[in-house]
$ cat coords.tsv   # TSV, C-alpha atoms
chain	number	residue	atom	x	y	z
A	1	MET	CA	63.19	9.25	-3.04
A	2	ALA	CA	64.90	7.10	-0.47
A	3	THR	CA	68.54	6.23	-0.99
A	4	ASP	CA	70.43	3.03	-0.23
A	5	GLU	CA	72.81	5.16	1.83
A	6	LYS	CA	70.07	6.40	4.13
A	7	ALA	CA	68.47	2.96	4.36
A	8	SER	CA	71.78	1.50	5.55
A	9	LEU	CA	72.23	4.05	8.33
A	10	PRO	CA	71.56	2.92	11.92
A	11	HIS	CA	68.21	4.11	13.31
A	12	ILE	CA	69.81	6.55	15.74
A	13	GLU	CA	71.64	8.33	12.88
A	14	ARG	CA	68.76	8.22	10.40
A	15	THR	CA	66.43	9.88	12.94
A	16	ALA	CA	68.96	12.30	14.48
A	17	ALA	CA	66.88	15.36	13.52
A	18	GLU	CA	63.62	13.95	14.89
A	19	PRO	CA	62.17	15.11	18.23
A	20	ARG	CA	62.86	12.80	21.18
A	21	ASP	CA	61.83	12.53	24.79
A	22	ASN	CA	64.61	13.46	27.20
A	23	ARG	CA	63.87	10.52	29.47
A	24	LEU	CA	65.10	6.94	29.09
A	25	HIS	CA	62.51	4.57	30.59
A	26	PRO	CA	63.33	1.10	31.96
A	27	VAL	CA	61.01	-1.69	30.73
A	28	ILE	CA	60.81	-5.46	30.82
A	29	LEU	CA	60.21	-7.62	27.74
A	30	SER	CA	57.21	-9.38	29.24
A	31	GLN	CA	55.41	-11.07	26.33
A	32	ILE	CA	56.15	-12.39	22.83
A	33	SER	CA	53.36	-13.48	20.49
A	34	GLN	CA	53.99	-15.02	17.09
A	35	VAL	CA	51.60	-13.49	14.51
A	36	ASN	CA	53.00	-15.45	11.57
A	37	SER	CA	56.36	-16.68	10.28
A	38	SER	CA	57.66	-13.13	9.77
A	39	ILE	CA	56.02	-10.96	12.47
A	40	ARG	CA	56.20	-10.96	16.27
A	41	LEU	CA	54.19	-8.83	18.68
A	42	LEU	CA	56.09	-7.81	21.80
A	43	ARG	CA	54.85	-6.29	25.02
A	44	LEU	CA	57.09	-4.13	27.15
A	45	THR	CA	56.07	-3.59	30.78
A	46	PRO	CA	57.17	-0.32	32.45
A	47	VAL	CA	59.30	-0.74	35.55
A	48	GLU	CA	58.51	2.64	37.12
A	49	LYS	CA	55.16	4.14	38.09
A	50	GLU	CA	55.79	7.29	36.06
A	51	LEU	CA	53.65	7.31	32.92
A	52	ILE	CA	55.54	6.86	29.64
A	53	ARG	CA	54.13	9.60	27.44
A	54	PHE	CA	54.00	9.39	23.66
A	55	GLU	CA	51.84	10.42	20.74
A	56	PRO	CA	50.15	7.88	18.45
A	57	GLY	CA	52.48	7.13	15.55
A	58	GLN	CA	55.74	7.58	17.44
A	59	TRP	CA	58.55	5.05	17.72
A	60	VAL	CA	60.99	4.13	20.44
A	61	ASP	CA	64.75	3.92	20.63
A	62	LEU	CA	65.02	0.42	22.08
A	63	HIS	CA	68.21	-0.02	24.10
A	64	ILE	CA	69.41	-3.60	24.55
A	65	PRO	CA	72.20	-3.95	27.14
A	66	THR	CA	74.42	-6.22	25.01
A	67	LEU	CA	74.23	-4.11	21.83
A	68	PRO	CA	76.12	-0.86	21.16
A	69	SER	CA	73.32	1.03	19.36
A	70	PRO	CA	69.54	1.17	19.93
A	71	GLY	CA	67.05	-0.06	17.37
A	72	GLY	CA	64.02	1.91	16.21
A	73	PHE	CA	60.58	0.27	16.48
A	74	THR	CA	57.15	1.84	16.14
A	75	LEU	CA	54.64	1.70	18.98
A	76	THR	CA	51.43	-0.05	17.91
A	77	SER	CA	49.62	0.38	21.22
A	78	THR	CA	47.91	3.56	22.44
A	79	PRO	CA	48.94	6.01	25.17
A	80	SER	CA	45.97	4.84	27.26
A	81	THR	CA	47.68	1.48	27.93
A	82	SER	CA	51.18	2.81	28.54
A	83	SER	CA	50.98	2.45	32.32
A	84	SER	CA	50.47	-1.30	31.82
A	85	TYR	CA	52.30	-2.12	28.60
A	86	LEU	CA	53.65	-0.85	25.29
A	87	GLU	CA	53.36	-2.95	22.15
A	88	LEU	CA	55.76	-3.36	19.22
A	89	ALA	CA	55.35	-5.37	16.01
A	90	ILE	CA	58.74	-6.67	14.84
A	91	GLN	CA	59.41	-8.02	11.37
A	92	ARG	CA	61.88	-10.89	11.04
A	93	PRO	CA	65.20	-9.45	9.80
A	94	PRO	CA	67.22	-10.97	6.95
A	95	PRO	CA	69.53	-13.76	8.15
A	96	LYS	CA	72.77	-12.50	9.61
A	97	THR	CA	75.86	-13.11	7.51
A	98	THR	CA	79.58	-12.61	8.00
A	99	PHE	CA	79.24	-9.16	6.44
A	100	THR	CA	76.14	-7.92	8.33
A	101	PRO	CA	75.90	-6.78	11.97
A	102	PHE	CA	73.80	-8.42	14.67
A	103	THR	CA	71.00	-5.88	14.99
A	104	PRO	CA	68.34	-5.21	17.66
A	105	ALA	CA	65.81	-6.93	15.36
A	106	HIS	CA	68.02	-10.05	15.28
A	107	TRP	CA	68.16	-9.97	19.08
A	108	LEU	CA	64.36	-9.71	19.31
A	109	TRP	CA	63.96	-12.69	17.00
A	110	GLN	CA	65.96	-15.05	19.21
A	111	PRO	CA	64.04	-17.92	20.87
A	112	PRO	CA	61.59	-16.38	23.38
A	113	SER	CA	63.04	-18.44	26.23
A	114	GLN	CA	66.37	-16.65	25.75
A	115	ILE	CA	65.07	-13.07	25.86
A	116	LEU	CA	61.81	-13.00	27.85
A	117	ASN	CA	61.95	-10.92	31.06
A	118	THR	CA	65.08	-9.10	29.90
A	119	ALA	CA	65.50	-5.58	31.24
A	120	LEU	CA	65.57	-3.03	28.39
A	121	ALA	CA	65.16	0.73	28.08
A	122	ILE	CA	63.21	2.94	25.69
A	123	ARG	CA	63.06	6.56	24.62
A	124	THR	CA	60.06	7.77	22.62
A	125	GLY	CA	60.37	10.00	19.58
A	126	GLY	CA	59.20	10.90	16.09
A	127	SER	CA	57.09	13.53	14.33
A	128	PHE	CA	54.73	11.31	12.29
A	129	THR	CA	51.86	11.60	14.74
A	130	TRP	CA	48.16	11.97	15.36
A	131	PRO	CA	46.58	14.49	15.53
A	132	PRO	CA	48.12	16.20	12.47
A	133	PRO	CA	49.74	19.64	12.57
A	134	HIS	CA	47.49	20.81	9.69
A	135	PRO	CA	44.73	21.75	10.08
A	136	SER	CA	45.42	23.01	13.57
A	137	SER	CA	41.98	22.05	14.88
A	138	LEU	CA	40.43	18.58	14.80
A	139	LYS	CA	37.09	20.28	14.18
A	140	SER	CA	38.38	21.30	10.74
A	141	ILE	CA	39.03	17.68	9.73
A	142	LYS	CA	36.30	16.11	7.61
A	143	ARG	CA	38.13	13.05	6.27
A	144	VAL	CA	41.27	11.09	7.19
A	145	VAL	CA	42.81	8.72	4.65
A	146	PHE	CA	45.32	6.14	5.88
A	147	VAL	CA	47.43	4.23	3.36
A	148	ALA	CA	49.41	1.31	4.83
A	149	GLY	CA	51.78	-1.07	3.07
A	150	GLY	CA	52.86	-4.20	4.97
A	151	VAL	CA	54.37	-3.41	8.38
A	152	GLY	CA	53.92	0.25	7.47
A	153	ILE	CA	50.62	-0.28	9.24
A	154	ASN	CA	52.38	-0.07	12.62
A	155	PRO	CA	52.18	3.70	13.33
A	156	LEU	CA	48.75	3.91	11.66
A	157	MET	CA	47.46	1.17	13.95
A	158	SER	CA	48.18	3.27	16.99
A	159	MET	CA	46.54	6.34	15.42
A	160	LEU	CA	43.43	4.43	14.33
A	161	SER	CA	43.08	2.77	17.74
A	162	VAL	CA	43.13	6.18	19.45
A	163	ILE	CA	40.43	7.46	17.10
A	164	ALA	CA	38.28	4.43	17.99
A	165	GLU	CA	38.88	5.07	21.71
A	166	GLU	CA	37.82	8.68	21.28
A	167	LYS	CA	34.64	7.66	19.45
A	168	LYS	CA	33.61	5.43	22.36
A	169	ASN	CA	34.15	8.32	24.78
A	170	THR	CA	32.22	11.03	22.92
A	171	PRO	CA	28.72	11.93	24.16
A	172	ASP	CA	27.15	11.36	20.73
A	173	GLY	CA	29.31	8.35	19.83
A	174	LYS	CA	30.84	10.07	16.80
A	175	VAL	CA	34.34	11.26	15.87
A	176	GLY	CA	33.00	13.86	13.46
A	177	PHE	CA	34.94	12.86	10.34
A	178	LYS	CA	35.22	10.00	7.85
A	179	ILE	CA	38.06	7.48	8.18
A	180	VAL	CA	39.14	5.64	5.01
A	181	PHE	CA	41.81	2.99	5.53
A	182	LEU	CA	43.66	1.39	2.58
A	183	TYR	CA	45.76	-1.61	3.66
A	184	THR	CA	47.86	-3.62	1.22
A	185	VAL	CA	49.74	-6.77	2.19
A	186	ARG	CA	51.44	-9.71	0.56
A	187	ASN	CA	49.81	-12.97	1.62
A	188	SER	CA	52.00	-15.89	2.65
A	189	VAL	CA	51.17	-19.57	3.08
A	190	ASP	CA	52.62	-22.08	5.53
A	191	SER	CA	54.13	-25.48	4.74
A	192	ASP	CA	50.64	-26.99	4.59
A	193	GLY	CA	49.46	-24.43	2.05
A	194	ARG	CA	47.30	-22.52	4.53
A	195	SER	CA	47.25	-18.71	4.54
A	196	GLU	CA	49.14	-17.20	7.44
A	197	GLU	CA	47.54	-14.69	9.78
A	198	ILE	CA	47.77	-11.10	8.52
A	199	LEU	CA	49.11	-8.49	10.93
A	200	PHE	CA	46.34	-6.60	12.75
A	201	LEU	CA	43.55	-7.78	10.43
A	202	SER	CA	41.33	-9.00	13.26
A	203	ARG	CA	41.98	-5.81	15.23
A	204	LEU	CA	41.13	-3.68	12.20
A	205	ARG	CA	37.83	-5.45	11.71
A	206	GLU	CA	36.96	-4.85	15.36
A	207	ILE	CA	37.85	-1.15	15.11
A	208	PHE	CA	35.83	-0.60	11.96
A	209	GLY	CA	32.92	-2.29	13.68
A	210	ILE	CA	33.21	0.44	16.33
A	211	LEU	CA	33.56	3.21	13.76
A	212	GLY	CA	30.43	2.09	11.91
A	213	GLU	CA	29.33	4.44	9.14
A	214	GLU	CA	32.24	6.80	9.86
A	215	GLY	CA	34.72	4.09	8.84
A	216	ASP	CA	35.60	2.56	5.47
A	217	PHE	CA	38.15	-0.29	5.39
A	218	ARG	CA	39.57	-1.25	1.98
A	219	PHE	CA	41.80	-4.33	1.93
A	220	PHE	CA	44.22	-5.26	-0.88
A	221	VAL	CA	46.12	-8.56	-1.05
A	222	THR	CA	48.84	-9.83	-3.37
A	223	GLY	CA	50.88	-13.03	-3.28
A	224	GLU	CA	49.79	-16.62	-2.88
A	225	GLU	CA	46.27	-17.73	-2.07
A	226	GLY	CA	46.01	-20.48	0.54
A	227	ASN	CA	44.44	-23.81	-0.37
A	228	GLU	CA	41.51	-23.04	1.93
A	229	GLY	CA	40.81	-19.87	-0.06
A	230	GLY	CA	40.94	-17.74	3.07
A	231	LEU	CA	43.35	-15.38	4.80
A	232	GLY	CA	44.07	-17.15	8.04
A	233	VAL	CA	41.05	-15.49	9.68
A	234	ASP	CA	37.29	-15.56	9.31
A	235	SER	CA	37.13	-13.44	6.17
A	236	LYS	CA	33.67	-14.33	4.88
A	237	SER	CA	32.30	-10.84	5.52
A	238	LEU	CA	35.49	-9.07	4.44
A	239	ARG	CA	35.77	-7.67	0.95
A	240	VAL	CA	39.22	-8.55	-0.37
A	241	GLN	CA	40.67	-7.04	-3.52
A	242	ARG	CA	43.44	-9.29	-4.87
A	243	ARG	CA	45.68	-6.63	-6.36
A	244	ARG	CA	47.85	-3.69	-5.36
A	245	ILE	CA	46.50	-0.28	-4.44
A	246	GLU	CA	46.24	1.79	-7.60
A	247	GLU	CA	46.16	5.53	-8.24
A	248	SER	CA	42.40	5.42	-8.77
A	249	ASP	CA	41.95	3.85	-5.31
A	250	LEU	CA	43.67	6.78	-3.63
A	251	GLU	CA	41.80	9.30	-5.77
A	252	ASP	CA	38.50	7.71	-4.74
A	253	ALA	CA	39.52	7.59	-1.07
A	254	LEU	CA	40.19	11.35	-1.06
A	255	GLY	CA	36.53	12.01	-1.79
A	256	GLU	CA	35.05	14.74	-3.97
A	257	SER	CA	37.65	17.33	-4.97
A	258	GLU	CA	35.54	20.32	-3.91
A	259	ARG	CA	35.31	18.88	-0.37
A	260	ARG	CA	38.99	18.06	0.18
A	261	GLU	CA	39.88	21.16	2.18
A	262	GLY	CA	39.31	19.15	5.37
A	263	THR	CA	41.06	15.97	4.18
A	264	VAL	CA	44.25	14.69	5.81
A	265	VAL	CA	46.35	11.80	4.43
A	266	TYR	CA	48.79	9.53	6.26
A	267	VAL	CA	51.00	7.17	4.23
A	268	CYS	CA	53.42	4.57	5.59
A	269	GLY	CA	55.14	1.76	3.71
A	270	VAL	CA	58.28	0.92	1.78
A	271	PRO	CA	60.03	4.00	0.34
A	272	GLY	CA	58.94	3.56	-3.29
A	273	MET	CA	55.28	3.08	-2.42
A	274	THR	CA	55.31	5.91	0.12
A	275	ASP	CA	56.91	8.41	-2.24
A	276	ARG	CA	54.44	7.52	-4.99
A	277	PHE	CA	51.29	7.98	-2.94
A	278	VAL	CA	52.54	11.08	-1.14
A	279	GLU	CA	53.14	12.73	-4.51
A	280	LEU	CA	49.75	11.65	-5.84
A	281	ALA	CA	47.88	12.88	-2.75
A	282	GLY	CA	49.79	16.16	-2.56
A	283	LYS	CA	49.09	17.01	-6.19
A	284	ALA	CA	45.46	15.86	-6.23
A	285	GLU	CA	42.87	18.55	-6.95
A	286	GLY	CA	41.73	20.26	-3.76
A	287	MET	CA	44.62	18.91	-1.67
A	288	ASP	CA	47.48	20.71	0.08
A	289	GLU	CA	50.87	19.05	0.56
A	290	LYS	CA	50.85	20.20	4.21
A	291	ARG	CA	47.99	17.79	4.84
A	292	VAL	CA	49.85	14.78	3.43
A	293	LEU	CA	52.05	13.14	6.06
A	294	SER	CA	54.33	10.15	5.62
A	295	GLU	CA	56.89	7.85	7.14
A	296	LYS	CA	58.95	5.14	5.46
A	297	TRP	CA	60.06	1.82	6.87
A	298	TRP	CA	63.42	0.55	5.73
$ encode --input "coords.tsv" --output "structure tokens"
Amino acid sequence: MATDEKASLPHIERTAAEPRDNRLHPVILSQISQVNSSIRLLRLTPVEKELIRFEPGQWVDLHIPTLPSPGGFTLTSTPSTSSSYLELAIQRPPPKTTFTPFTPAHWLWQPPSQILNTALAIRTGGSFTWPPPHPSSLKSIKRVVFVAGGVGINPLMSMLSVIAEEKKNTPDGKVGFKIVFLYTVRNSVDSDGRSEEILFLSRLREIFGILGEEGDFRFFVTGEEGNEGGLGVDSKSLRVQRRRIEESDLEDALGESERREGTVVYVCGVPGMTDRFVELAGKAEGMDEKRVLSEKWW
């Protein structure tokens, strides 16, 4: 289980044992988009022509000139766009107090006019990546189960987007395995009682349109329901389950037990949720703990 001590560590210390690129890349904060009251999407534009290489699921050490320590933020874009831009989804941090430091997240949540076009630097890193280390061959994979809680969707968004890109580029238009995506979020409403936009929901619907019969998107929502009865997007054709993900949902997503040898699971969310579903998946009949991968957001 996660500990308060580890959660309070700066990113650079918490991830000290993780693999990192040797190169520090200069970038410009070129775009800020407000998704809702608690999430911003940022675009970083590379300064140099050299390609910034990373694997789907990795994060960056984000160096801000005025701050002593870099922040850690997951890349939500794919390697195919890295010559043009890299994307980050940043959650609003708790308000700063006399007893808390001014963090990179606080800096990124300043008014856009104060920080746009600032020169920053990034270093890529992390081991929670696609494709998985087990099985060693993609041809052995028959099913991939993604479990995302809140902004834990960030690394999974990059992975899923790459899978969709690969499907479009295959001669037969198939990826060759089933993708089941469980996404749970807490809905929020604005001052007028309308549901706020949910991070990446529109993008997910587009991707699962591409995946077709190979994809299965399962969406779980808790929290308030807006007075328009919607989710801040056109959700008429979207099946919404207004509850948390339960053990039976994961068990069903894993498929038939005798066919789980080729099943891989990725879980990302708050520590308690992540630990729970990693344990369930690892101990499920027909599963191997080596094929259950996870990352926690703090």
$ closest_residue --input "coords.tsv" --among "A:Thr74, A:Arg40, A:Phe128, A:Ser137" --to "A:Pro93" --atoms "all atoms listed in the file"
A:Arg40
$ residues_around --input "coords.tsv" --residues "A:Lys49" --least-positions-apart "5" --cutoff "12 Å" --atoms "all atoms listed in the file" --output "PDB file with C-alpha atoms, in the frame of the given file"
ATOM      1  CA  HIS A  25      62.510   4.570  30.590  1.00  0.00           C
ATOM      2  CA  PRO A  26      63.330   1.100  31.960  1.00  0.00           C
ATOM      3  CA  VAL A  27      61.010  -1.690  30.730  1.00  0.00           C
ATOM      4  CA  SER A  82      51.180   2.810  28.540  1.00  0.00           C
ATOM      5  CA  SER A  83      50.980   2.450  32.320  1.00  0.00           C
ATOM      6  CA  SER A  84      50.470  -1.300  31.820  1.00  0.00           C
ATOM      7  CA  TYR A  85      52.300  -2.120  28.600  1.00  0.00           C
TER       8      TYR A  85
END
$ residues_around --input "coords.tsv" --residues "A:Thr66" --least-positions-apart "4" --cutoff "12 Å" --atoms "only C-alpha atoms" --output "PyMOL selection string"
chain A and resi 62+70+102-104+107+115+118-121
$ write_last_selection --input "coords.tsv" --atoms "C-alpha atoms" --output "tab-separated table (two decimals), keeping the file's coordinate frame"
chain	number	residue	atom	x	y	z
A	62	LEU	CA	65.02	0.42	22.08
A	70	PRO	CA	69.54	1.17	19.93
A	102	PHE	CA	73.80	-8.42	14.67
A	103	THR	CA	71.00	-5.88	14.99
A	104	PRO	CA	68.34	-5.21	17.66
A	107	TRP	CA	68.16	-9.97	19.08
A	115	ILE	CA	65.07	-13.07	25.86
A	118	THR	CA	65.08	-9.10	29.90
A	119	ALA	CA	65.50	-5.58	31.24
A	120	LEU	CA	65.57	-3.03	28.39
A	121	ALA	CA	65.16	0.73	28.08
$ closest_residue --input "coords.tsv" --among "A:Lys167, A:Ile153, A:Ile245, A:Val270" --to "A:Leu204" --atoms "all atoms listed in the file"
A:Ile153
$ closest_residue --input "coords.tsv" --among "A:Gly176, A:Pro135, A:Gly149, A:Gly215" --to "A:Asp288" --atoms "only C-alpha atoms"
A:Pro135
$ closest_residue --input "coords.tsv" --among "A:Glu246, A:Asp252, A:Glu87, A:Glu50" --to "A:Glu285" --atoms "only C-alpha atoms"
A:Asp252
$ atom_distance --input "coords.tsv" --atom1 "atom CA of A:Ala284" --atom2 "atom CA of A:Tyr266"
14.4 Å
$ closest_residue --input "coords.tsv" --among "A:Arg218, A:Arg14, A:Arg203, A:Arg242" --to "A:Ala148" --atoms "all atoms listed in the file"
A:Arg218
$ atom_distance --input "coords.tsv" --atom1 "atom CA of A:Glu295" --atom2 "atom CA of A:Thr274"
7.5 Å
$ atom_distance --input "coords.tsv" --atom1 "atom CA of A:Glu18" --atom2 "atom CA of A:Gly125"
6.9 Å
$ closest_residue --input "coords.tsv" --among "A:Ile39, A:Leu116, A:Val47, A:Val180" --to "A:Ile90" --atoms "only C-alpha atoms"
A:Ile39
